[in-house]
>>> print(open('work12.pdb').read())   # PDB, C-alpha atoms and all ligand atoms
ATOM      1  CA  MET A  24      87.211 128.000 120.445
ATOM      2  CA  SER A  25      90.487 129.025 122.034
ATOM      3  CA  LYS A  26      91.093 128.609 125.747
ATOM      4  CA  ILE A  27      93.239 130.398 128.296
ATOM      5  CA  ILE A  28      95.759 128.246 130.139
ATOM      6  CA  LEU A  29      97.841 129.259 133.150
ATOM      7  CA  SER A  30     101.148 127.524 133.766
ATOM      8  CA  ILE A  31     102.028 127.905 137.458
ATOM      9  CA  ASN A  32     105.482 127.117 138.822
ATOM     10  CA  ALA A  33     105.627 127.309 142.613
ATOM     11  CA  GLY A  34     109.357 127.211 143.374
ATOM     12  CA  SER A  35     110.973 127.359 146.796
ATOM     13  CA  SER A  36     111.730 131.092 146.507
ATOM     14  CA  SER A  37     109.431 132.247 143.714
ATOM     15  CA  VAL A  38     106.192 131.733 141.808
ATOM     16  CA  LYS A  39     106.155 132.057 138.039
ATOM     17  CA  VAL A  40     102.922 132.232 136.035
ATOM     18  CA  SER A  41     102.758 132.126 132.242
ATOM     19  CA  VAL A  42      99.535 132.705 130.327
ATOM     20  CA  TYR A  43      98.824 130.843 127.089
ATOM     21  CA  GLU A  44      96.030 130.806 124.539
ATOM     22  CA  ALA A  45      95.391 127.477 122.832
ATOM     23  CA  SER A  46      92.969 125.945 120.381
ATOM     24  CA  GLN A  47      92.456 122.240 119.813
ATOM     25  CA  GLY A  48      95.294 120.833 117.705
ATOM     26  CA  GLN A  49      97.376 124.017 117.764
ATOM     27  CA  GLU A  50     100.566 124.987 119.582
ATOM     28  CA  PRO A  51      99.733 127.141 122.610
ATOM     29  CA  GLU A  52     100.730 130.780 122.163
ATOM     30  CA  GLU A  53     102.305 132.607 125.111
ATOM     31  CA  LEU A  54     100.535 135.891 125.943
ATOM     32  CA  ALA A  55     102.177 137.015 129.183
ATOM     33  CA  GLU A  56     104.655 136.027 131.858
ATOM     34  CA  THR A  57     104.682 137.162 135.436
ATOM     35  CA  GLN A  58     106.708 136.191 138.473
ATOM     36  CA  ILE A  59     107.264 137.115 142.084
ATOM     37  CA  ASP A  60     110.645 136.153 143.485
ATOM     38  CA  GLY A  61     112.503 136.825 146.698
ATOM     39  CA  LEU A  62     109.976 134.978 148.903
ATOM     40  CA  THR A  63     112.875 133.698 151.026
ATOM     41  CA  ALA A  64     114.775 137.036 150.878
ATOM     42  CA  PRO A  65     112.161 139.826 151.216
ATOM     43  CA  PRO A  66     111.013 142.198 149.903
ATOM     44  CA  PRO A  67     109.325 140.173 147.169
ATOM     45  CA  GLN A  68     109.768 141.545 143.662
ATOM     46  CA  LEU A  69     107.388 141.487 140.706
ATOM     47  CA  LYS A  70     108.199 140.999 137.054
ATOM     48  CA  TYR A  71     105.492 141.224 134.384
ATOM     49  CA  THR A  72     105.847 141.001 130.612
ATOM     50  CA  ARG A  73     102.975 141.093 128.124
ATOM     51  CA  GLY A  74     104.109 139.681 124.785
ATOM     52  CA  THR A  75     107.347 141.529 124.060
ATOM     53  CA  GLU A  76     106.484 144.466 126.321
ATOM     54  CA  THR A  77     108.031 144.648 129.804
ATOM     55  CA  ILE A  78     105.425 146.169 132.136
ATOM     56  CA  CYS A  79     107.605 145.983 135.237
ATOM     57  CA  LYS A  80     110.817 144.359 136.401
ATOM     58  CA  ASP A  81     112.269 144.009 139.924
ATOM     59  CA  LYS A  82     109.330 146.020 141.310
ATOM     60  CA  LYS A  83     109.582 145.806 145.084
ATOM     61  CA  LEU A  84     106.219 144.975 146.645
ATOM     62  CA  SER A  85     105.185 146.418 149.982
ATOM     63  CA  GLU A  86     102.114 144.164 150.306
ATOM     64  CA  LYS A  87     102.339 141.260 152.733
ATOM     65  CA  ILE A  88     103.328 138.406 150.415
ATOM     66  CA  THR A  89     104.976 135.623 152.351
ATOM     67  CA  THR A  90     103.688 132.406 150.821
ATOM     68  CA  GLN A  91     103.566 131.023 147.287
ATOM     69  CA  ASN A  92      99.761 131.188 147.467
ATOM     70  CA  ASP A  93      99.888 134.917 148.416
ATOM     71  CA  ALA A  94     102.154 135.478 145.407
ATOM     72  CA  PHE A  95      99.867 133.531 143.061
ATOM     73  CA  GLN A  96      96.770 135.438 144.194
ATOM     74  CA  TYR A  97      98.593 138.755 143.758
ATOM     75  CA  MET A  98      99.586 137.901 140.182
ATOM     76  CA  LEU A  99      96.139 136.556 139.258
ATOM     77  CA  ASN A 100      94.608 139.842 140.451
ATOM     78  CA  GLU A 101      97.186 141.815 138.453
ATOM     79  CA  LEU A 102      96.231 139.893 135.303
ATOM     80  CA  ILE A 103      92.499 140.347 135.930
ATOM     81  CA  ASN A 104      92.853 144.065 136.719
ATOM     82  CA  ASP A 105      95.204 144.903 133.841
ATOM     83  CA  LYS A 106      92.844 146.704 131.437
ATOM     84  CA  ASP A 107      95.369 146.302 128.617
ATOM     85  CA  PHE A 108      95.351 142.513 128.967
ATOM     86  CA  LYS A 109      92.120 141.536 127.292
ATOM     87  CA  TYR A 110      92.412 137.765 127.727
ATOM     88  CA  ILE A 111      91.637 137.511 131.458
ATOM     89  CA  ASN A 112      88.996 139.892 132.809
ATOM     90  CA  LYS A 113      87.498 137.586 135.413
ATOM     91  CA  LYS A 114      88.400 134.330 137.123
ATOM     92  CA  GLU A 115      86.055 132.371 134.820
ATOM     93  CA  ASP A 116      88.260 133.253 131.830
ATOM     94  CA  VAL A 117      90.884 130.740 132.999
ATOM     95  CA  ALA A 118      89.972 127.374 131.447
ATOM     96  CA  ILE A 119      92.938 125.299 132.603
ATOM     97  CA  ALA A 120      95.515 125.772 135.370
ATOM     98  CA  CYS A 121      98.645 123.601 135.008
ATOM     99  CA  HIS A 122     100.494 123.287 138.299
ATOM    100  CA  ARG A 123     104.127 122.292 138.591
ATOM    101  CA  VAL A 124     104.174 119.757 141.415
ATOM    102  CA  VAL A 125     107.680 118.758 142.511
ATOM    103  CA  HIS A 126     107.041 115.279 143.961
ATOM    104  CA  GLY A 127     104.727 113.055 141.940
ATOM    105  CA  GLY A 128     105.817 109.748 143.525
ATOM    106  CA  ASP A 129     105.198 106.988 140.964
ATOM    107  CA  TYR A 130     103.205 109.154 138.559
ATOM    108  CA  ASP A 131     104.745 108.911 135.099
ATOM    109  CA  ARG A 132     102.510 111.441 133.338
ATOM    110  CA  PRO A 133     100.569 114.638 134.122
ATOM    111  CA  LYS A 134      97.299 114.117 135.981
ATOM    112  CA  ILE A 135      93.983 115.941 136.088
ATOM    113  CA  ILE A 136      93.534 116.888 139.732
ATOM    114  CA  ASN A 137      90.518 115.246 141.307
ATOM    115  CA  GLU A 138      89.976 114.279 144.935
ATOM    116  CA  ASP A 139      92.057 111.102 144.517
ATOM    117  CA  THR A 140      95.083 112.782 142.931
ATOM    118  CA  TYR A 141      94.887 115.634 145.426
ATOM    119  CA  HIS A 142      95.073 113.265 148.393
ATOM    120  CA  HIS A 143      97.825 111.205 146.773
ATOM    121  CA  LEU A 144      99.934 114.359 146.335
ATOM    122  CA  GLU A 145      99.135 115.518 149.839
ATOM    123  CA  ALA A 146     100.482 112.210 151.141
ATOM    124  CA  LEU A 147     103.803 112.927 149.369
ATOM    125  CA  THR A 148     104.184 116.292 151.086
ATOM    126  CA  ASP A 149     106.537 114.852 153.718
ATOM    127  CA  LEU A 150     108.992 114.022 150.919
ATOM    128  CA  ALA A 151     109.004 117.566 149.496
ATOM    129  CA  PRO A 152     107.691 119.779 152.283
ATOM    130  CA  LEU A 153     109.036 123.038 150.838
ATOM    131  CA  HIS A 154     107.395 122.374 147.497
ATOM    132  CA  ASN A 155     104.339 120.090 147.449
ATOM    133  CA  ALA A 156     102.713 121.887 150.366
ATOM    134  CA  SER A 157     102.871 125.296 148.666
ATOM    135  CA  ALA A 158     101.835 123.966 145.241
ATOM    136  CA  LEU A 159      98.846 122.254 146.847
ATOM    137  CA  GLU A 160      97.848 125.471 148.630
ATOM    138  CA  ILE A 161      97.593 127.085 145.183
ATOM    139  CA  VAL A 162      95.659 124.062 143.835
ATOM    140  CA  LYS A 163      93.275 124.319 146.809
ATOM    141  CA  PHE A 164      92.776 128.028 146.130
ATOM    142  CA  CYS A 165      92.012 127.325 142.436
ATOM    143  CA  ILE A 166      89.536 124.545 143.261
ATOM    144  CA  LYS A 167      87.687 126.855 145.673
ATOM    145  CA  GLU A 168      87.926 130.241 143.963
ATOM    146  CA  LEU A 169      88.062 129.240 140.283
ATOM    147  CA  PRO A 170      85.388 126.528 140.184
ATOM    148  CA  SER A 171      85.101 126.557 136.393
ATOM    149  CA  THR A 172      88.851 125.954 135.905
ATOM    150  CA  ARG A 173      90.242 122.478 135.301
ATOM    151  CA  ASN A 174      93.422 121.784 137.304
ATOM    152  CA  VAL A 175      96.261 119.646 135.962
ATOM    153  CA  ALA A 176      99.421 118.590 137.838
ATOM    154  CA  VAL A 177     102.722 118.239 135.982
ATOM    155  CA  PHE A 178     105.522 116.588 137.946
ATOM    156  CA  ASP A 179     109.218 117.417 138.385
ATOM    157  CA  SER A 180     109.846 113.742 139.147
ATOM    158  CA  GLU A 181     108.259 112.398 135.929
ATOM    159  CA  PHE A 182     111.320 112.868 133.683
ATOM    160  CA  HIS A 183     113.407 110.720 136.046
ATOM    161  CA  GLN A 184     111.171 107.628 135.795
ATOM    162  CA  THR A 185     113.728 106.313 133.248
ATOM    163  CA  ILE A 186     116.622 106.189 135.752
ATOM    164  CA  PRO A 187     117.787 102.530 135.744
ATOM    165  CA  GLU A 188     116.819 100.461 138.772
ATOM    166  CA  TYR A 189     120.419  99.878 139.895
ATOM    167  CA  ILE A 190     120.871 103.676 140.080
ATOM    168  CA  HIS A 191     117.561 104.586 141.708
ATOM    169  CA  THR A 192     117.817 101.832 144.338
ATOM    170  CA  TYR A 193     119.260 102.726 147.748
ATOM    171  CA  PRO A 194     121.574 100.192 149.460
ATOM    172  CA  ILE A 195     119.096  99.436 152.261
ATOM    173  CA  ASN A 196     116.799  96.549 153.183
ATOM    174  CA  GLN A 197     114.766  96.115 149.987
ATOM    175  CA  GLN A 198     111.644  94.938 151.781
ATOM    176  CA  ILE A 199     111.552  98.189 153.750
ATOM    177  CA  ALA A 200     112.512 100.204 150.647
ATOM    178  CA  LYS A 201     109.743  98.679 148.493
ATOM    179  CA  ALA A 202     107.086  98.865 151.218
ATOM    180  CA  ASN A 203     107.833 102.548 151.841
ATOM    181  CA  LYS A 204     108.674 103.491 148.240
ATOM    182  CA  LEU A 205     112.146 104.642 149.287
ATOM    183  CA  ARG A 206     114.126 105.284 146.091
ATOM    184  CA  LYS A 207     115.814 108.049 144.196
ATOM    185  CA  TYR A 208     113.055 110.084 142.491
ATOM    186  CA  GLY A 209     114.846 113.201 141.233
ATOM    187  CA  PHE A 210     113.364 116.638 140.565
ATOM    188  CA  HIS A 211     113.597 119.676 138.217
ATOM    189  CA  GLY A 212     112.498 117.213 135.522
ATOM    190  CA  ILE A 213     110.217 119.681 133.699
ATOM    191  CA  SER A 214     113.255 121.934 133.269
ATOM    192  CA  TYR A 215     115.489 119.018 132.173
ATOM    193  CA  SER A 216     113.006 117.787 129.590
ATOM    194  CA  PHE A 217     112.616 121.338 128.212
ATOM    195  CA  ILE A 218     116.402 121.788 127.997
ATOM    196  CA  THR A 219     116.911 118.372 126.360
ATOM    197  CA  ARG A 220     114.230 119.071 123.739
ATOM    198  CA  ASN A 221     115.593 122.516 122.931
ATOM    199  CA  VAL A 222     119.286 121.567 122.854
ATOM    200  CA  ALA A 223     118.479 118.637 120.543
ATOM    201  CA  GLU A 224     116.578 120.993 118.240
ATOM    202  CA  PHE A 225     119.400 123.551 118.364
ATOM    203  CA  LEU A 226     121.957 120.877 117.461
ATOM    204  CA  GLY A 227     119.686 119.469 114.739
ATOM    205  CA  LYS A 228     119.761 116.035 116.419
ATOM    206  CA  LYS A 229     117.074 113.602 117.514
ATOM    207  CA  GLU A 230     116.433 113.670 121.268
ATOM    208  CA  SER A 231     117.178 109.946 121.303
ATOM    209  CA  GLU A 232     120.702 110.772 120.048
ATOM    210  CA  THR A 233     121.329 113.638 122.486
ATOM    211  CA  SER A 234     123.355 113.054 125.672
ATOM    212  CA  LEU A 235     123.981 115.942 128.052
ATOM    213  CA  ILE A 236     125.054 116.906 131.529
ATOM    214  CA  ILE A 237     122.668 119.641 132.682
ATOM    215  CA  LEU A 238     122.859 121.870 135.747
ATOM    216  CA  HIS A 239     119.663 123.480 137.058
ATOM    217  CA  LEU A 240     120.915 126.228 139.365
ATOM    218  CA  GLY A 241     118.173 128.213 141.110
ATOM    219  CA  SER A 242     117.070 128.429 144.700
ATOM    220  CA  GLY A 243     117.117 124.634 144.541
ATOM    221  CA  ALA A 244     120.065 123.228 142.560
ATOM    222  CA  SER A 245     120.608 119.874 140.880
ATOM    223  CA  ALA A 246     122.556 118.161 138.104
ATOM    224  CA  CYS A 247     121.278 115.579 135.633
ATOM    225  CA  ALA A 248     122.961 113.137 133.256
ATOM    226  CA  VAL A 249     120.773 112.732 130.176
ATOM    227  CA  LYS A 250     121.644 109.654 128.095
ATOM    228  CA  ASN A 251     120.056 109.407 124.648
ATOM    229  CA  GLY A 252     117.356 111.921 125.598
ATOM    230  CA  LYS A 253     116.407 110.208 128.875
ATOM    231  CA  SER A 254     117.322 110.845 132.485
ATOM    232  CA  TRP A 255     120.088 108.433 133.485
ATOM    233  CA  ASP A 256     121.003 109.878 136.878
ATOM    234  CA  THR A 257     120.457 113.033 138.895
ATOM    235  CA  SER A 258     121.839 114.504 142.098
ATOM    236  CA  MET A 259     118.560 114.855 144.012
ATOM    237  CA  GLY A 260     117.113 111.688 145.537
ATOM    238  CA  LEU A 261     114.177 110.598 147.677
ATOM    239  CA  THR A 262     113.658 114.294 148.454
ATOM    240  CA  PRO A 263     114.910 117.578 146.934
ATOM    241  CA  LEU A 264     117.402 117.934 149.813
ATOM    242  CA  ALA A 265     119.986 115.490 148.434
ATOM    243  CA  GLY A 266     122.852 116.574 146.204
ATOM    244  CA  LEU A 267     123.963 120.151 145.656
ATOM    245  CA  PRO A 268     123.399 122.795 148.331
ATOM    246  CA  GLY A 269     120.510 125.205 147.696
ATOM    247  CA  ALA A 270     119.526 128.630 149.003
ATOM    248  CA  THR A 271     117.847 127.162 152.091
ATOM    249  CA  ARG A 272     119.122 123.555 151.882
ATOM    250  CA  SER A 273     122.426 122.051 152.967
ATOM    251  CA  GLY A 274     122.569 119.389 150.226
ATOM    252  CA  SER A 275     124.042 115.941 150.910
ATOM    253  CA  VAL A 276     125.378 116.828 154.326
ATOM    254  CA  ASP A 277     123.727 115.764 157.531
ATOM    255  CA  PRO A 278     122.594 119.158 158.875
ATOM    256  CA  ARG A 279     122.879 117.921 162.465
TER
HETATM  257  N1  LIG A 301     121.602 135.424 136.586
HETATM  258  C1  LIG A 301     121.677 134.926 137.819
HETATM  259  N2  LIG A 301     122.881 134.708 138.402
HETATM  260  C2  LIG A 301     122.976 134.192 139.636
HETATM  261  N3  LIG A 301     121.919 133.863 140.387
HETATM  262  C3  LIG A 301     120.708 134.056 139.870
HETATM  263  C4  LIG A 301     120.506 134.579 138.565
HETATM  264  N4  LIG A 301     119.178 134.630 138.314
HETATM  265  C5  LIG A 301     118.571 134.165 139.413
HETATM  266  N5  LIG A 301     119.485 133.831 140.352
HETATM  267  C6  LIG A 301     119.200 133.265 141.671
HETATM  268  O1  LIG A 301     118.412 132.104 141.473
HETATM  269  C7  LIG A 301     117.463 131.978 142.523
HETATM  270  C8  LIG A 301     116.075 131.832 141.938
HETATM  271  O2  LIG A 301     116.016 130.662 141.197
HETATM  272  P1  LIG A 301     114.689 130.171 140.521
HETATM  273  O3  LIG A 301     114.953 128.812 139.955
HETATM  274  O4  LIG A 301     114.181 131.211 139.605
HETATM  275  O5  LIG A 301     113.709 130.097 141.757
HETATM  276  P2  LIG A 301     112.999 128.880 142.420
HETATM  277  O6  LIG A 301     114.039 127.942 142.871
HETATM  278  O7  LIG A 301     112.190 129.502 143.498
HETATM  279  O8  LIG A 301     112.167 128.260 141.353
HETATM  280  C9  LIG A 301     117.580 133.238 143.382
HETATM  281  O9  LIG A 301     118.328 132.898 144.533
HETATM  282  C10 LIG A 301     118.347 134.203 142.489
HETATM  283  O10 LIG A 301     119.135 135.078 143.248
HETATM  284  C1  LIG A 302     113.004 120.794 143.343
HETATM  285  C2  LIG A 302     113.499 122.144 143.681
HETATM  286  O1  LIG A 302     114.476 122.268 144.388
HETATM  287  O2  LIG A 302     112.820 123.166 143.139
HETATM  288  P1  LIG A 302     113.164 124.734 143.295
HETATM  289  O3  LIG A 302     114.448 124.954 142.583
HETATM  290  O4  LIG A 302     112.010 125.407 142.642
HETATM  291  O5  LIG A 302     113.279 125.017 144.764
HETATM  292 MG    MG A 303     112.424 126.842 139.951
END
>>> encode(input="work12.pdb", output="structure tokens")
Amino acid sequence: MSKIILSINAGSSSVKVSVYEASQGQEPEELAETQIDGLTAPPPQLKYTRGTETICKDKKLSEKITTQNDAFQYMLNELINDKDFKYINKKEDVAIACHRVVHGGDYDRPKIINEDTYHHLEALTDLAPLHNASALEIVKFCIKELPSTRNVAVFDSEFHQTIPEYIHTYPINQQIAKANKLRKYGFHGISYSFITRNVAEFLGKKESETSLIILHLGSGASACAVKNGKSWDTSMGLTPLAGLPGATRSGSVDPR
């Protein structure tokens, strides 16, 4: 039987939700895409496409939507209430919710969210306060309001687990660094792995033979050197503040 999967990307200025249908052993098929952006520059705006049909674009919303969780709830209701979208008619229709979580610490693969993973991610919130806190608010909402949905976390930091030790190590006391897990983590990894896979395919090359310099320029901005399909270095570090300036971040400049 096929299942409905939500892919939820809580960014610093937007929330993007894609809806997929998937059966065991088959490629998921995308059914709809919706996003609310402008959370840091109101009014928020809604975009909604169903298959190839654009239902709305840059629609200014007058409702009070200030947090990523407000935006997620608004879009979930839109999907449920859209009579022409037959795949989600009630909350129970969502089998799996995949959450983009920016800081995954040492996690090197996606995780099913249980109490343990939830608390582990909560503990990392200090290292990505703009991001982990709002993603976890959405996770908390799903756990409470969508009790039949399984929640999975997919990490921005995962792709950068391959950065060599001499690059991810900071020049500080190593006892303190190891005890407090102070190292370069790197973010936007879901985007970098997608770009690497697709550019390799476009060029007709193996990922392991594809080396790229990629810029991810959104509300948060970073650069990544991909060597033979793997992250070699990236401009963000222990937190998403390091590196390039972003919409609400100064980058590698001491803001004081
Ligand atoms: N084509 C574009 N040219 C320049 N800036 C853009 C373009 N599209 C989006 N932006 C800017 O990118 C930012 C949103 O980036 P995005 O990565 O989608 O959000 P988030 O960082 O919240 O995930 C906004 O500041 C928007 O103005
Ligand atoms: C990590 C990061 O900066 O993400 P975003 O671009 O979504 O703010
Ligand atoms: Mg983003």
>>> residues_near_ligand(input="work12.pdb", ligand="ligand LIG 301 (chain A)", cutoff="6 Å", atoms="only C-alpha atoms and all ligand atoms", output="ChimeraX atom specification")
/A:34-37,241-243
>>> residues_around(input="work12.pdb", residues="Val249 of chain A", least_positions_apart="3", cutoff="9 Å", atoms="only C-alpha atoms", output="PDB file with C-alpha atoms, keeping the file's coordinate frame")
ATOM      1  CA  TYR A 215     115.489 119.018 132.173  1.00  0.00           C
ATOM      2  CA  THR A 219     116.911 118.372 126.360  1.00  0.00           C
ATOM      3  CA  THR A 233     121.329 113.638 122.486  1.00  0.00           C
ATOM      4  CA  SER A 234     123.355 113.054 125.672  1.00  0.00           C
ATOM      5  CA  LEU A 235     123.981 115.942 128.052  1.00  0.00           C
ATOM      6  CA  ILE A 236     125.054 116.906 131.529  1.00  0.00           C
ATOM      7  CA  ILE A 237     122.668 119.641 132.682  1.00  0.00           C
ATOM      8  CA  GLY A 252     117.356 111.921 125.598  1.00  0.00           C
ATOM      9  CA  LYS A 253     116.407 110.208 128.875  1.00  0.00           C
ATOM     10  CA  SER A 254     117.322 110.845 132.485  1.00  0.00           C
ATOM     11  CA  TRP A 255     120.088 108.433 133.485  1.00  0.00           C
ATOM     12  CA  ASP A 256     121.003 109.878 136.878  1.00  0.00           C
ATOM     13  CA  THR A 257     120.457 113.033 138.895  1.00  0.00           C
TER      14      THR A 257
END
>>> atom_distance(input="work12.pdb", atom1="atom CA of Leu84 of chain A", atom2="atom CA of Leu69 of chain A")
7.0 Å
>>> closest_residue(input="work12.pdb", among="A:Glu232, A:Ala265, A:Phe210, A:Asn137", to="ligand MG 303 (chain A)", atoms="only C-alpha atoms and all ligand atoms")
A:Phe210
>>> closest_residue(input="work12.pdb", among="A:Gly266, A:Leu261, A:Phe108, A:His211", to="His239 of chain A", atoms="all atoms listed in the file")
A:His211
>>> resolve_selection(input="work12.pdb", expression="the PyMOL selection byres (((chain A and resi 139-151) around 9) and not hetatm)", output="ChimeraX atom specification")
/A:124-128,134-138,152-156,159,162-163,176,261-264
